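Report on one structure; see the data block that follows.
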Amino acid sequence: MTKNKSHIVLKTQDLTIGYSSKKEKSIIASNINIELHKGELVGLIGANGIGKSTLLRTLTNVQQKLSGGITINNTDLENYSNINLAKVLSLVLTESLGSKNLTVFELVALGRQPYTNWVGNLNEADYQIINQCLLQTNIEDLKHKKCYELSDGQLQKVMIARALAQDTDLIILDEPTTHLDMYHKAYILKLLQKLAKDTNKTILFSSHEIDLAIQLCDTLIVMTKDSVITDQPCNLIEKGTFNDLFPKDLIVFDSKTGSFRVKK
Amino acid sequence: MPDTKTYKLPFIVLTLVLLLCFCANISLGSVFIPFQDVFNGLIGNPTENESWQHIIHEYRLPKAFTAIIVGSGLGVSGLLMQTLFRNPLAGPFVLGITSGSSLGVALVIMGASLFGGAFAGIFVSKWSIVIAASLGSFIVLLFVLIISNKIRDTMAILIIGLMFASITSATVNVLSYFSSAEELKQYIFWGLGSIGNLRWDELFIFFIIYALGIIISLTSIKALNTLLLGENYAKSLGLNLKKSRLLIIIATSLLAGTITAFAGPIVFIGLAIPHMTRQVFNTSNHKILLPAVFLFGAIVMLICDSIAQLPSSDLTLPINAMTSLIGAPVIIWLLVRKRKMVF
């Protein structure tokens with residue numbers, strides 16, 4: 001256990017998330033205990049409205065937690081300055097880009113911002129990292145294209161490359177597979193799996209592609225109404241966690257195939 | 001570097017065009033001065049006609065410098081606003097700064113009859129107009145800053161700026177309803193804009209505030225590029241959003257506020273020049289855009305002023321009308337030709 005401790009990238013302790021206003025606190029989920037290790041691909045799954053986005057927003061310091069602790073690399077999240085957090089945590093969000101008039105190279109290069117000087121000039125090392133990220137995400141041929149010329153699948157790869165270029169231990173992606181066809185959903189998640197292995201970065205993403213997540217992830221975080229469970233996919237299947245994921249009137253989980261099917 | 005396009009050639013061309021326009025602007029006017037004498041006059045050699053020396057130094061040169069400051073300053077502040085608000089319709093006027101100046105000037109010119117005693121004693125001189133315009137824009141700026149510090153949503157600042165603009169213009173309307181024809185005329189003349197009557201000492205003060213605004217803009221280049229991704233991505237890249245937003249607003253206010261104070265409310269340049277530059281350079285990278293907007297703004301302003309002087313006649317057209325008459329067709333032509341707006 002002590003050996004493993006240095007490899008824990010993200011850890012939460014009795015974390016409670018939700019919204020607080022002057023009048024009242026509304027708790028969305030509590031008792032969240034997560035440990036994410038180096039080089040792991042972690043999927044976050046759960047029904048709509050269960051609080052996946054709230055959890056990700058809390059973990060990325062966009063939203064205040066209600067109680068409990070969050071540490072990244074053994075340092076409390078609130079002790080990070082903006083710029084230092086940018087060096088350990090990068091994001092891929094669902095929101096659309098402010099400007100799509102940037103070239104793919106320029107966009108990926110923006111990932112180097114936390115490391116560049118006051119005017120944002122890239123040095124030789126930055127160029128090497130950017131080109132490597134383009135290679136790792138298979139978008140080298142798109143380098144000089146403008147972002148408005150790209151398909152959704154290509155754009156998602158570019159956003160992943162930008163997060164890679166930020167060179168952080170932890171990458172968090174909010175539903176990276178929405179708007180993509182079945183092939184590209186598998187492609188993006190497979191790419192994330194490969195990147196986690198090759199770069200030894202921890203990658204956490206939320207998704208509704210439960211069957212793909214079961215096949216590809218090292219660890220799954222399953223959010224249900226009552227609890228947040230973290231375990232390896234095969235253990236979760238054995239425990240029957242997926243059976244309680246959705247109301248049982250329409251779909252049931254088939255533990256043999258690891259996927260949901262419509263009730264007949 | 002092979003990975004980023006170099007823009008050396010266009011910048012060299014633009015700088016040469018700027019120099020050419022600068023000389024042409026000095027050469028043209030009610031009295032035509034040949035290029036050779038313009039050159040001689042600038043470096044202090046005797047000119048063919050003794051009075052030309054005087055015209056160049058006391059009248060044409062300050063005017064040309066004013067044109068450069070006004071054009072580049074408004075262009076840059078327009079670019080800052082368009083990027084900060086992610087809105088192609090934004091310009092220096094969106095924060096209500098220009099209308100703040102207008103209100104200040106309207107109060108000085110037209111308030112005299114309304115408030116009687118307190119204002120009646122003040123002779124409506126150029127300095128009192130400059131001070132009133134600065135105060136007006138400063139007060140509006142102060143409000144915008146206080147509000148922007150409290151509000152997290154940048155779009156709300158945009159709306160609030162527009163609300164301020166509408167309050168001030170309504171107040172100006174009320175004032176003008178009660179004022180005399182003479183005062184109204186004076187106010188309208190200020191509103192038409194003028195870059196031709198600054199003395200060297202006035203220009204010096206003008207330049208210092210302008211330079212401060214430009215320097216702050218330059219330090220914001222990295223933040224502006226980060227903001228192209230959207231505010232949440234910008235934050236995740238370590239940008240201190242509040243601080244950067246504050247600096248960008250201060251730079252805009254310094255530029256747009258002083259320019260309006262010294263040269264009147266010239267609105268078109270700030271909106272149009274950034275679009276013109278983006279269309280021509282086809283980039284959103286502020287390391288390229290900002291200097292390019294600077295050069296384009298200065299060039300367009302010099303050309304507009306040269307034409308407004310109606311060379312070889314004694315008439316002068318209002319500069320504010322000229323910028324729109326020349327600039328708007330250019331923008332329309334660029335957009336139609338490319339069929340796609342670059343933003």
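Labeling convention for the structure tokens: chains A, B, ... as they appear, residues from 1 per chain, ligands from 1 in order of appearance.
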For chain A, work out the contacting residues on chain B at 9 Å, counting only C-alpha atoms, and write them as a short mmCIF file (atom, residue, chain, number, x, y, z; two decimals) with N, CA and C atoms, in the first residue's frame.
```cif
data_model
loop_
_atom_site.label_atom_id
_atom_site.label_comp_id
_atom_site.auth_asym_id
_atom_site.auth_seq_id
_atom_site.Cartn_x
_atom_site.Cartn_y
_atom_site.Cartn_z
N ASP B 3 6.60 25.79 -38.95
CA ASP B 3 5.25 25.43 -38.53
C ASP B 3 4.29 26.60 -38.49
N THR B 4 4.83 27.80 -38.38
CA THR B 4 3.93 28.95 -38.41
C THR B 4 4.28 29.82 -39.60
N ARG B 86 -16.02 38.17 -27.44
CA ARG B 86 -16.29 37.18 -28.47
C ARG B 86 -17.46 37.62 -29.33
N LEU B 218 -0.27 45.40 -25.40
CA LEU B 218 0.79 44.47 -25.80
C LEU B 218 1.00 43.39 -24.74
N THR B 219 0.91 43.77 -23.46
CA THR B 219 1.10 42.77 -22.42
C THR B 219 -0.08 41.81 -22.35
N SER B 220 -1.18 42.14 -23.01
CA SER B 220 -2.37 41.28 -22.97
C SER B 220 -2.43 40.30 -24.13
N ILE B 221 -1.42 40.31 -25.00
CA ILE B 221 -1.48 39.48 -26.21
C ILE B 221 -1.70 38.00 -25.87
N LYS B 222 -0.94 37.52 -24.90
CA LYS B 222 -1.04 36.10 -24.55
C LYS B 222 -2.45 35.78 -24.00
N ALA B 223 -2.94 36.66 -23.13
CA ALA B 223 -4.28 36.46 -22.57
C ALA B 223 -5.33 36.48 -23.67
N ASN B 225 -4.99 35.64 -26.81
CA ASN B 225 -4.94 34.38 -27.56
C ASN B 225 -5.59 33.26 -26.77
N THR B 226 -5.36 33.23 -25.45
CA THR B 226 -5.97 32.19 -24.63
C THR B 226 -7.49 32.33 -24.63
N LEU B 227 -7.96 33.57 -24.64
CA LEU B 227 -9.40 33.80 -24.60
C LEU B 227 -10.10 33.32 -25.87
N LEU B 228 -9.33 33.10 -26.94
CA LEU B 228 -9.93 32.59 -28.19
C LEU B 228 -10.56 31.22 -27.97
N LEU B 229 -10.09 30.48 -26.96
CA LEU B 229 -10.62 29.15 -26.69
C LEU B 229 -11.95 29.20 -25.95
N GLY B 230 -12.28 30.35 -25.37
CA GLY B 230 -13.44 30.44 -24.50
C GLY B 230 -12.96 30.58 -23.07
N GLU B 231 -13.82 31.12 -22.20
CA GLU B 231 -13.36 31.49 -20.86
C GLU B 231 -12.98 30.28 -20.01
N ASN B 232 -13.73 29.17 -20.12
CA ASN B 232 -13.42 28.02 -19.28
C ASN B 232 -12.09 27.37 -19.64
N TYR B 233 -11.85 27.26 -20.94
CA TYR B 233 -10.55 26.74 -21.36
C TYR B 233 -9.44 27.69 -20.93
N LYS B 235 -9.32 29.60 -18.38
CA LYS B 235 -9.04 29.40 -16.96
C LYS B 235 -8.23 28.13 -16.74
N SER B 236 -8.59 27.06 -17.48
CA SER B 236 -7.88 25.79 -17.29
C SER B 236 -6.44 25.87 -17.77
N LEU B 237 -6.12 26.92 -18.56
CA LEU B 237 -4.74 27.10 -18.99
C LEU B 237 -3.99 28.02 -18.04
N GLY B 238 -4.61 28.30 -16.88
CA GLY B 238 -3.91 29.07 -15.86
C GLY B 238 -4.09 30.57 -15.98
N LEU B 239 -5.01 31.02 -16.84
CA LEU B 239 -5.22 32.46 -17.00
C LEU B 239 -6.00 33.01 -15.81
N ASN B 240 -5.51 34.12 -15.26
CA ASN B 240 -6.26 34.81 -14.22
C ASN B 240 -7.29 35.69 -14.91
N ASN B 282 -6.16 36.79 -42.54
CA ASN B 282 -6.76 35.48 -42.31
C ASN B 282 -6.15 34.75 -41.11
N THR B 283 -6.11 35.44 -40.00
CA THR B 283 -5.61 34.80 -38.78
C THR B 283 -6.34 35.38 -37.58
N SER B 284 -6.33 34.64 -36.48
CA SER B 284 -6.89 35.19 -35.24
C SER B 284 -5.82 35.31 -34.18
N ASN B 285 -4.59 35.01 -34.57
CA ASN B 285 -3.47 35.09 -33.63
C ASN B 285 -3.13 36.55 -33.35
N LYS B 287 -0.69 37.90 -31.88
CA LYS B 287 0.70 38.33 -32.08
C LYS B 287 0.85 38.95 -33.47
N VAL B 342 -14.26 35.94 -41.28
CA VAL B 342 -13.23 35.36 -40.43
C VAL B 342 -13.35 36.00 -39.06
N PHE B 343 -13.53 35.19 -38.06
CA PHE B 343 -13.61 35.80 -36.73
C PHE B 343 -13.00 34.89 -35.69
#
```
Selection: 9 Å around segment 171-182 of chain A, only C-alpha atoms, excl. self and same-chain fewer than 6 positions, as a PyMOL selection string: chain A and resi 52-53+56+60+88-94+152-153+156+160+163-164+188-189+201-209
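Here atom CA of Ser166 of chain B stands at a distance of 20.7 Å from atom CA of Asp153 of chain B.
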Could you list, as a PyMOL selection string, every residue within 9 Å of Ile229 of chain A, counting only C-alpha atoms and ignoring same-chain residues fewer than 3 positions away? chain A and resi 32-34+220-224+236+241
Among segment 52-121 of chain A, which residues does DSSP mark as strand (DSSP E) when it is run on the backbone? Keep the chain and numbering as in the structure and answer as a count of residues only. 12
Between atom CA of Ala106 of chain B and atom CA of Thr252 of chain B, measure the distance and give it in Å to one decimal. 22.2 Å
Could you pull the residues within 8 Å of Ile130 of chain A, counting only C-alpha atoms, minus those fewer than 3 positions along the same chain, as an MDAnalysis selection string? chainID A and resid 105 108:109 126:127 133:134 165
What is the distance, in Å and to one decimal place, between atom CA of Ile17 of chain A and atom CA of Ala29 of chain A? 5.5 Å
Just want the 12 Å neighbourhood of Thr316 of chain B, counted on only C-alpha atoms, with same-chain residues fewer than 4 positions away dropped. Output as a short mmCIF file (atom, residue, chain, number, x, y, z; two decimals) with N, CA and C atoms, in the first residue's frame.
```cif
data_model
loop_
_atom_site.label_atom_id
_atom_site.label_comp_id
_atom_site.auth_asym_id
_atom_site.auth_seq_id
_atom_site.Cartn_x
_atom_site.Cartn_y
_atom_site.Cartn_z
N GLY B 29 -3.53 69.11 -48.97
CA GLY B 29 -4.30 70.02 -48.13
C GLY B 29 -4.70 71.23 -48.95
N SER B 30 -5.15 72.27 -48.28
CA SER B 30 -5.57 73.46 -49.02
C SER B 30 -4.41 74.01 -49.84
N LEU B 192 -18.86 65.55 -34.83
CA LEU B 192 -18.40 65.17 -36.16
C LEU B 192 -16.93 64.74 -36.15
N GLY B 193 -16.26 65.04 -35.06
CA GLY B 193 -14.87 64.63 -34.95
C GLY B 193 -13.94 65.58 -35.65
N SER B 194 -12.76 65.76 -35.08
CA SER B 194 -11.78 66.62 -35.70
C SER B 194 -10.41 66.22 -35.21
N ILE B 195 -9.46 66.10 -36.14
CA ILE B 195 -8.12 65.75 -35.69
C ILE B 195 -7.15 66.87 -36.05
N GLY B 196 -7.70 67.98 -36.51
CA GLY B 196 -6.83 69.00 -37.11
C GLY B 196 -6.38 70.12 -36.20
N CYS B 304 -8.24 58.69 -44.87
CA CYS B 304 -9.52 59.38 -44.67
C CYS B 304 -9.29 60.88 -44.46
N ASP B 305 -8.30 61.20 -43.65
CA ASP B 305 -8.04 62.61 -43.38
C ASP B 305 -7.57 63.35 -44.64
N SER B 306 -6.72 62.67 -45.42
CA SER B 306 -6.23 63.31 -46.65
C SER B 306 -7.39 63.65 -47.56
N ILE B 307 -8.35 62.73 -47.68
CA ILE B 307 -9.50 62.97 -48.55
C ILE B 307 -10.42 64.02 -47.95
N ALA B 308 -10.59 63.96 -46.62
CA ALA B 308 -11.49 64.91 -45.96
C ALA B 308 -11.00 66.34 -46.13
N GLN B 309 -9.69 66.50 -46.32
CA GLN B 309 -9.14 67.85 -46.49
C GLN B 309 -9.53 68.45 -47.85
N LEU B 310 -10.11 67.61 -48.73
CA LEU B 310 -10.42 68.02 -50.09
C LEU B 310 -9.25 68.79 -50.69
N PRO B 311 -8.18 68.09 -51.07
CA PRO B 311 -6.94 68.72 -51.52
C PRO B 311 -7.18 69.89 -52.48
N SER B 312 -6.40 70.94 -52.28
CA SER B 312 -6.41 72.13 -53.12
C SER B 312 -7.71 72.92 -53.05
N ASN B 320 -15.51 62.19 -39.19
CA ASN B 320 -16.34 61.07 -38.77
C ASN B 320 -17.18 60.52 -39.93
N ALA B 321 -17.65 61.42 -40.78
CA ALA B 321 -18.41 60.98 -41.95
C ALA B 321 -17.48 60.28 -42.94
N MET B 322 -16.27 60.83 -43.06
CA MET B 322 -15.31 60.30 -44.04
C MET B 322 -14.94 58.85 -43.73
#
```
What lies within 9 Å of Asp218 of chain A using only C-alpha atoms, ignoring chain neighbours under 5 positions off, as a list in words? Glu40, Leu41, Val42, Gly43, Gln193, Ala213, Asp231, Gln232 and Pro233 of chain A
Give me the residues within 9 Å of Gly240 of chain A as a PyMOL selection string, counting only C-alpha atoms and dropping any in the same chain fewer than 4 places off. chain A and resi 235-236+244+253+255
